[in-house]
Each structure stands twice: as structure tokens, then as C-alpha cells.
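Each remark here refers to the structure printed beneath this line.
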Amino acid sequence: MNKTKLFSYVRFSSGKQSDGQSVERQTATANRIANQYGLELDTLSFRDLGVSAFKGKNAAQGNLREFINQIGKRVPVGSWLVVENLDRLSREESLSALDILKEILRKGITVVTGMDSKVYTYESLSSSTMDLVMSVLLFSRAHEESVTKKNRVESQARSLIQKNLNRESGTPAFVIESIGQNVWWSAQDNGKVIKHPEYFSVAQKIISMKWDGCSPGEIQRYLNENHQPPTKDKRGNADIWGMNLIRGFLNPTVHGRKEFVLDKRDLNGALVRKRHIDESGDEYWITEKETFVIEDYYPALMIETDYLTLASMDKARSATRNSVNGNELREIGLLSGIGVLRCGKCGLPMTKNSAAKSRFRYVCTSKNTTGKSCGNAGFTGQPLEHVILQLIADHVWNNNQEDRTEWFNHEIDKLDRQIKKLVRLATLTEDSGIDELATEINSYKKQKRELEFKFSEYKLEKSAQISTGWDEFRKFDTEDVTNPDRKRIRLKIKQAIRSIDCTTFNNRYGLFMVKYMDNSEQRIVLKYNRRSSPGEAFVDIHTVNDRVLVELAGITLHTHIEKLIDPVAYEATQQAWIKANQQHVDGVPITIIDELTQ
Ligand SMILES: [Zn+2]
């Protein structure tokens, strides 16, 4: 006759406990129990290493769940399960923990604890009050220990967060390890967060590759060839850099930010709970969470505005990325790959034409994205780049805007509260009203996202205003299309300009509507000449600060640029103006001065 099987379940909440000694001890216990009760120890053992039973993770999705699922299959009904102690099964509050024990017992399994050789069956639990009370007591104690531990960890974290927020700015942060892991390019020294001696420079290299427009695949190749990865990937492979690490690299930690999510507490330190209603209409309470942000926790790899710029460039690029040729000296478009240049005809992004070399063109992406060209023929890059640099150096956009940071925070907060209110309402609403509420919640969420996006743009704009050094762009030679400085300049352009809409008219003219970060606009007209003779550039004279310097750069300032753009419409407006003003001047027609100031 076959002996009854004994299975073992082992759980450690942290990796540190799982050293050989503990495992050995547990195996010895299982052997002892098998001998004591005449059982056959099955080779199949169930382990949850590094899994906490505090939130019931092991019973919901871990190997304990796998054991329960295997009852009646790989695990015969009637088998025994050995655990070191009941608290290995669960450290949830005692009633939930009891449910898990009951579930295992009800399926015909006998549970034995290694510590005291106490045997639990469904019958013993149902009939012996002592067994029931003992198990509830053990579970309660385990749960309380866990809660105490969690409270201690969180209160330590809380005071460390305050200590960090109050520390002198510019000094390294105090390490907080208990809540969330620290990034791989940081390290610690005497309780302070410092640059990782090896990986900080690797992280910097990733950023510079991103500025250069390298794809995640290219970055991965570089890293694999030059550096040992800092962590194992999902399959436990320690030899290659995981794609997730590279794709997820660009996030607010790069400018130093770390967020901590803790249980919310009121002024007396008591947990703040919120009422919920489950499907059957019963209420239950969930502890609310609170997020703390330390903006300067990690040593920064870059400043926040550069991060926002790079992140939006990265997004624009992944949409328009084309195959990269292997040439060492590549021409770099000052206006492409930063999500600024738009086709005025179809609205799609415009990009540098990779085919042409020294005199490259900017072309509409309609052919590539929709398969059909919108008809915008594009234009040679250099003349527009030259004018844009001169105008940025002229710094026409507004320097003295009021600070709207408070306003943004306030508005976002208001929307956030509205969303929370509606979500709360949704939990109390009958089925029929839910759809409507969901639509409303989504619309508020959309508004909030849009406002948050505008806020990040606003921050960009502000940094552009306070930055100095715009003057130097006057001197840059735009004919030098492979100059590596172009990457840095391109970033500054992105910080100053929101969009440039590009159209062509009368075959030989380009019209460019430039929208700056403060939403002010400026029009540029380029007249293209045949062959090598240089064309001509016109800018609205009213929109320029330093007329002399702009004219010195070879740009013609025009008093009535409309006349160039649409002579017919211009004439009509002029006639209408004369007509409207005629009665005031006793029949003498007035002409508007419409000369070119050459
Ligand atoms: Zn187009």
C-alpha cells in the first residue's frame, strides 16, 4: 500500500532569509515530520521566496495558490502539508488567514506545523474550539507583528523623507531603502545617496545617445558590448541589458526625483480609511495612500527641463524614426526630430530628407505615413535654419510673464478632487447611472492630462526665458551641416519654439508661421532663387526687437508682409479700409504706406 504523501510549503518574505541554512532547516523539519507520522515526503515542494504573505500575495498568485490548485491532481486528496508555522501560510489579518487555512483543510489536506508538530484537519478545526482559537491567535499574532513591522518601517521612512526635504539643498540625500528600490545608477555611502562609481557614467552615456537619436536597439547593442548589466533580466540572465531597463530609463528619476507611496495617516498618526462598496452591496474599508515626492533624491543626470525636452523629442522621434545609416559624419537637421516642424498643408510632421547630403531638404512625412504625398514639395533646410537662429537670438518672445506655477497646481488639484468625488459617487451609484458617471470621470481625467501636459510645456517655456546665451546663435554657421553643436542648438530651439507651419506659395516662396513658447507668432517669407544664387528672407518688421542686428544678418524687414503672401487679399483689405475711412476724410483717398524697407 502506498504511503500518504507529505508536501512542504516554504515561504521567505525577503531574499536574505533564503540562505542555505534556512532551506536546510526546513528540509530537515520535513524529513522529521515524515518519519514521525509515517509519510512519504514528495519530491515536489512549493516555495515562495521573497514573497510577503502580509497582503496575501502568496495565496492569491504565488506557489501556495499553485499547491491549492493541484489538490486532487498532482497533490492527492488526503495528503499532508508541512509548514514551519501557521504564519507561513498567511500574515493577513486573522479572519482572511483563517479562510486560507480552512480552504486547504476543506479540500481534504492535513496541515502539520514543523515547529510544534501540531496537526490540523477540517474536522479538528470544526470540532475542537481549542484548535480554532489557537489558529486564530497564531494568525492574529503574526499579523500584528507584520503590522508593527510595517508601521515601524513606514514611520522610519516618513521621518527620513522629512529629513531629506529639510536638508540643505545641494547636499546628498539620506538613503531610504525600505520603500521602493533605488535606481541602478545610484549607490550609497555612509547612509547618503551618491553616484554609482561605475554606472552613473553609463547612465550619462545612455542620455547622450538619446540626444543623438539612437534607438533603444542601438543603445542595447552599445551597452552589451561595453558594460556588465547592473541587474538580472526577467529570466535571471545577468549577461545582457534588458530592453525594459532601456525603454523605461527616461523617467523623472533622471533629474533626481523619487516618489514614495505610504499609508495615509491623520494628525494623530491613525490610518485614514475610505469606504467602498463591493458587488453584493456590502461596505468595506481600504487604507488610503499618500505620495511623497523628493525632487532632489538622486544625484541628477540632467535638469528637469532638459528631461522634458528629451522626453518629448524621444516621443516625436519614435513616431518619425527612419532607418539610420552608418555614416560617421551625418548632417544634423536643426529643426527635425524635435516635433516642431509641421506641414502647413496637411498638418503632419516634416522631417529632414535623408537622401540629400550637404544641402538637405525638409520634406513632409505624408508620403511615408499615408502612402500619398500631400503635395507640399518641401524646401532647402539652410535658409530657414539661418533665419530661425537669428530670430531666436533676437529673443522676440515674452520675458516678463507672470508666474503661473501656482495657478497650474491649483487647477490640476481642483480637477483631481472632482475626479475623486465622482469616483466616490460611482461606488454608491446604481448600475443604470454608472455609464454616465464613467463618461464624466473620463472627461475630467482627459482635462487633467491635458492640463498636466500644458504645465510641462509651461515649465519648458519658463526655463527658455531664464536661460541666457541666445545671442551666440547669431554667429553659428548654418552651412556647417555636420557640426555636432547642432544637437545642443536643436535643444535650445525646442525650448523656444512650439511649432513652425510650413507652406509654399507661387512656386518660389515659402511661408513659415512660427509659434513661440509664449504663443506669440512671427511670419517668415523665403523667396527661393534658382540654382546657387542666394534667396531672400522677409520678416514682419513689427515683430522684431533689434532691427539693425536682424538686418545685418541679411534678413529683409517688411512693413506689410501680407502683400507678399497674398497680394489679392491684401489689395482687397486695403480697398475696404479706404472705403470705410473715406467719409472721414472728405473724399480724399488715403493710401497706406506699403513700401518694402530695403
Ligand atoms: Zn504635408
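To be explicit about the labels: the chains of the C-alpha cells are called A, B, and onward in the order shown, and within each one the residues are counted from 1, while ligands get numbers from 1 in the order they are shown.
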Got a sec to check which residues lie within 6 Å of ligand 1, using only C-alpha atoms and all ligand atoms, and send them as a CSV table (one decimal) with C-alpha atoms, in the first residue's frame?
```
chain,number,residue,atom,x,y,z
A,343,CYS,CA,3.5,70.7,-42.9
A,345,LYS,CA,-0.8,71.8,-45.9
A,346,CYS,CA,-1.7,68.5,-44.2
A,348,LEU,CA,1.8,66.1,-40.5
A,364,CYS,CA,6.5,66.4,-45.4
A,366,SER,CA,2.7,62.3,-45.7
A,374,CYS,CA,0.0,65.9,-49.8
A,376,ASN,CA,4.0,70.0,-50.3
```
Report, in Å with one decimal, the straight-line distance from CA of Gly108 (chain A) to CA of Phe139 (chain A). 21.1 Å
Between A:Ile277, A:Ala97, A:Leu389, A:Val119, which one has atoms that come closest to Ile489 (chain A), using only C-alpha atoms?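 For Ile489 (chain A), the nearest of the candidates is A:Leu389.
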Please, which residues of region 126-295 of chain A, numbered as in this document, come out alpha helix (DSSP H) from DSSP, as a ChimeraX atom specification? /A:126-127,129-166,199-211,216-226,243-247
Just how far from CA of Gly510 (chain A) is CA of Val525 (chain A), in Å to one decimal? 5.6 Å
What does the structure give for the distance between CA of Lys446 (chain A) and CA of Asn244 (chain A), in Å to one decimal?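 Result for CA of Lys446 (chain A) versus CA of Asn244 (chain A): 27.3 Å, one decimal.
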Polymer residues at most 12 Å from region 23-38 of chain A, only C-alpha atoms, same-chain spacing of 2 or more positions, as a ChimeraX atom specification: /A:2-12,15-21,40-43,45-49,79-85,88,110-119
Can you list, as a ChimeraX atom specification, all residues belonging to region 109-343 of chain A that DSSP tags as strand (DSSP E or B)? /A:110-113,118-120,174,186-189,192-195,258-263,265,271,273-277,283-287,289-294,341-343
Generate the output file for the selected residues, N, CA and C atoms, as a compact mmCIF listing (two decimals), in the first residue's frame.
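Contents of selection31.txt, as written:
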```txt
# COMPACT_ATOMS: atom_id res chain seq x y z
N THR A 110 -4.33 17.58 5.28
CA THR A 110 -3.98 17.72 6.68
C THR A 110 -2.77 18.63 6.78
N VAL A 111 -2.87 19.66 7.62
CA VAL A 111 -1.75 20.59 7.76
C VAL A 111 -1.03 20.29 9.06
N VAL A 112 0.31 20.20 8.98
CA VAL A 112 1.09 19.98 10.19
C VAL A 112 2.16 21.07 10.30
N THR A 113 2.31 21.61 11.51
CA THR A 113 3.31 22.66 11.68
C THR A 113 4.60 22.05 12.21
N LYS A 118 2.04 20.26 15.51
CA LYS A 118 0.60 20.34 15.73
C LYS A 118 -0.11 20.00 14.42
N VAL A 119 -1.13 19.11 14.50
CA VAL A 119 -1.83 18.64 13.31
C VAL A 119 -3.21 19.29 13.21
N TYR A 120 -3.51 19.87 12.05
CA TYR A 120 -4.82 20.48 11.83
C TYR A 120 -5.55 19.74 10.71
N PHE A 174 19.61 61.45 2.22
CA PHE A 174 19.72 60.32 3.11
C PHE A 174 19.03 59.12 2.46
N SER A 186 22.58 54.68 -9.00
CA SER A 186 22.93 55.33 -7.73
C SER A 186 23.54 54.29 -6.80
N ALA A 187 24.25 54.77 -5.80
CA ALA A 187 24.83 53.88 -4.80
C ALA A 187 24.70 54.59 -3.46
N GLN A 188 25.22 53.96 -2.39
CA GLN A 188 25.17 54.67 -1.12
C GLN A 188 26.50 54.62 -0.40
N ASP A 189 26.73 55.69 0.37
CA ASP A 189 27.97 55.81 1.10
C ASP A 189 27.64 56.49 2.43
N LYS A 192 24.26 57.96 2.69
CA LYS A 192 23.90 59.02 1.74
C LYS A 192 23.80 58.43 0.32
N VAL A 193 22.89 59.02 -0.47
CA VAL A 193 22.74 58.58 -1.86
C VAL A 193 23.82 59.25 -2.70
N ILE A 194 24.61 58.45 -3.38
CA ILE A 194 25.68 59.03 -4.22
C ILE A 194 25.61 58.46 -5.64
N LYS A 195 26.43 59.02 -6.52
CA LYS A 195 26.54 58.48 -7.87
C LYS A 195 27.16 57.09 -7.80
N LYS A 258 12.36 61.17 -6.60
CA LYS A 258 11.88 59.85 -6.17
C LYS A 258 10.55 60.02 -5.46
N GLU A 259 9.62 59.11 -5.75
CA GLU A 259 8.31 59.16 -5.12
C GLU A 259 8.14 58.01 -4.14
N PHE A 260 7.48 58.29 -3.03
CA PHE A 260 7.24 57.27 -2.01
C PHE A 260 5.74 57.18 -1.76
N VAL A 261 5.21 55.97 -1.83
CA VAL A 261 3.78 55.78 -1.54
C VAL A 261 3.64 55.10 -0.19
N LEU A 262 3.01 55.80 0.75
CA LEU A 262 2.85 55.26 2.11
C LEU A 262 1.38 55.24 2.48
N ASP A 263 1.04 54.46 3.52
CA ASP A 263 -0.31 54.51 4.06
C ASP A 263 -0.57 55.91 4.58
N ARG A 265 -1.98 58.80 6.91
CA ARG A 265 -2.27 58.90 8.34
C ARG A 265 -2.77 60.31 8.67
N LEU A 271 -4.43 55.52 10.82
CA LEU A 271 -4.61 55.26 9.40
C LEU A 271 -5.90 55.91 8.90
N ARG A 273 -8.89 55.65 6.44
CA ARG A 273 -9.53 54.63 5.63
C ARG A 273 -10.68 55.20 4.85
N LYS A 274 -10.99 54.55 3.73
CA LYS A 274 -12.03 55.05 2.87
C LYS A 274 -13.05 53.94 2.62
N ARG A 275 -14.31 54.30 2.60
CA ARG A 275 -15.38 53.32 2.49
C ARG A 275 -15.58 52.91 1.03
N HIS A 276 -15.74 51.64 0.80
CA HIS A 276 -16.04 51.12 -0.54
C HIS A 276 -17.23 50.18 -0.43
N ILE A 277 -17.86 49.94 -1.58
CA ILE A 277 -18.99 49.00 -1.60
C ILE A 277 -18.65 47.89 -2.58
N GLU A 283 -20.33 47.00 2.59
CA GLU A 283 -19.27 48.01 2.64
C GLU A 283 -17.98 47.40 3.15
N TYR A 284 -16.87 47.94 2.69
CA TYR A 284 -15.58 47.57 3.26
C TYR A 284 -14.69 48.81 3.20
N TRP A 285 -13.59 48.75 3.95
CA TRP A 285 -12.75 49.94 4.09
C TRP A 285 -11.34 49.66 3.63
N ILE A 286 -10.80 50.59 2.90
CA ILE A 286 -9.44 50.41 2.41
C ILE A 286 -8.58 51.59 2.88
N THR A 287 -7.38 51.26 3.33
CA THR A 287 -6.46 52.31 3.78
C THR A 287 -6.07 53.18 2.58
N LYS A 289 -3.81 55.87 0.41
CA LYS A 289 -2.37 56.01 0.21
C LYS A 289 -1.99 57.48 0.07
N GLU A 290 -0.75 57.75 0.32
CA GLU A 290 -0.26 59.12 0.27
C GLU A 290 1.08 59.10 -0.47
N THR A 291 1.29 60.03 -1.37
CA THR A 291 2.53 60.05 -2.13
C THR A 291 3.42 61.21 -1.68
N PHE A 292 4.66 60.88 -1.38
CA PHE A 292 5.64 61.92 -1.05
C PHE A 292 6.65 62.01 -2.19
N VAL A 293 7.05 63.22 -2.51
CA VAL A 293 8.00 63.41 -3.60
C VAL A 293 9.24 64.14 -3.08
N ILE A 294 10.39 63.55 -3.34
CA ILE A 294 11.63 64.28 -3.07
C ILE A 294 12.26 64.58 -4.43
N LEU A 341 8.61 71.13 -36.54
CA LEU A 341 8.29 71.43 -37.94
C LEU A 341 7.03 70.68 -38.40
N ARG A 342 6.06 71.46 -38.91
CA ARG A 342 4.82 70.83 -39.37
C ARG A 342 4.50 71.27 -40.79
N CYS A 343 3.91 70.34 -41.54
CA CYS A 343 3.48 70.68 -42.89
C CYS A 343 2.22 71.55 -42.78
```
Between A:His558, A:Lys102, A:Lys487, A:Arg221, which one has atoms that come closest to Leu335 (chain A), using only C-alpha atoms?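 Once distances to Leu335 (chain A) are computed over only C-alpha atoms, the minimum belongs to A:Lys487.
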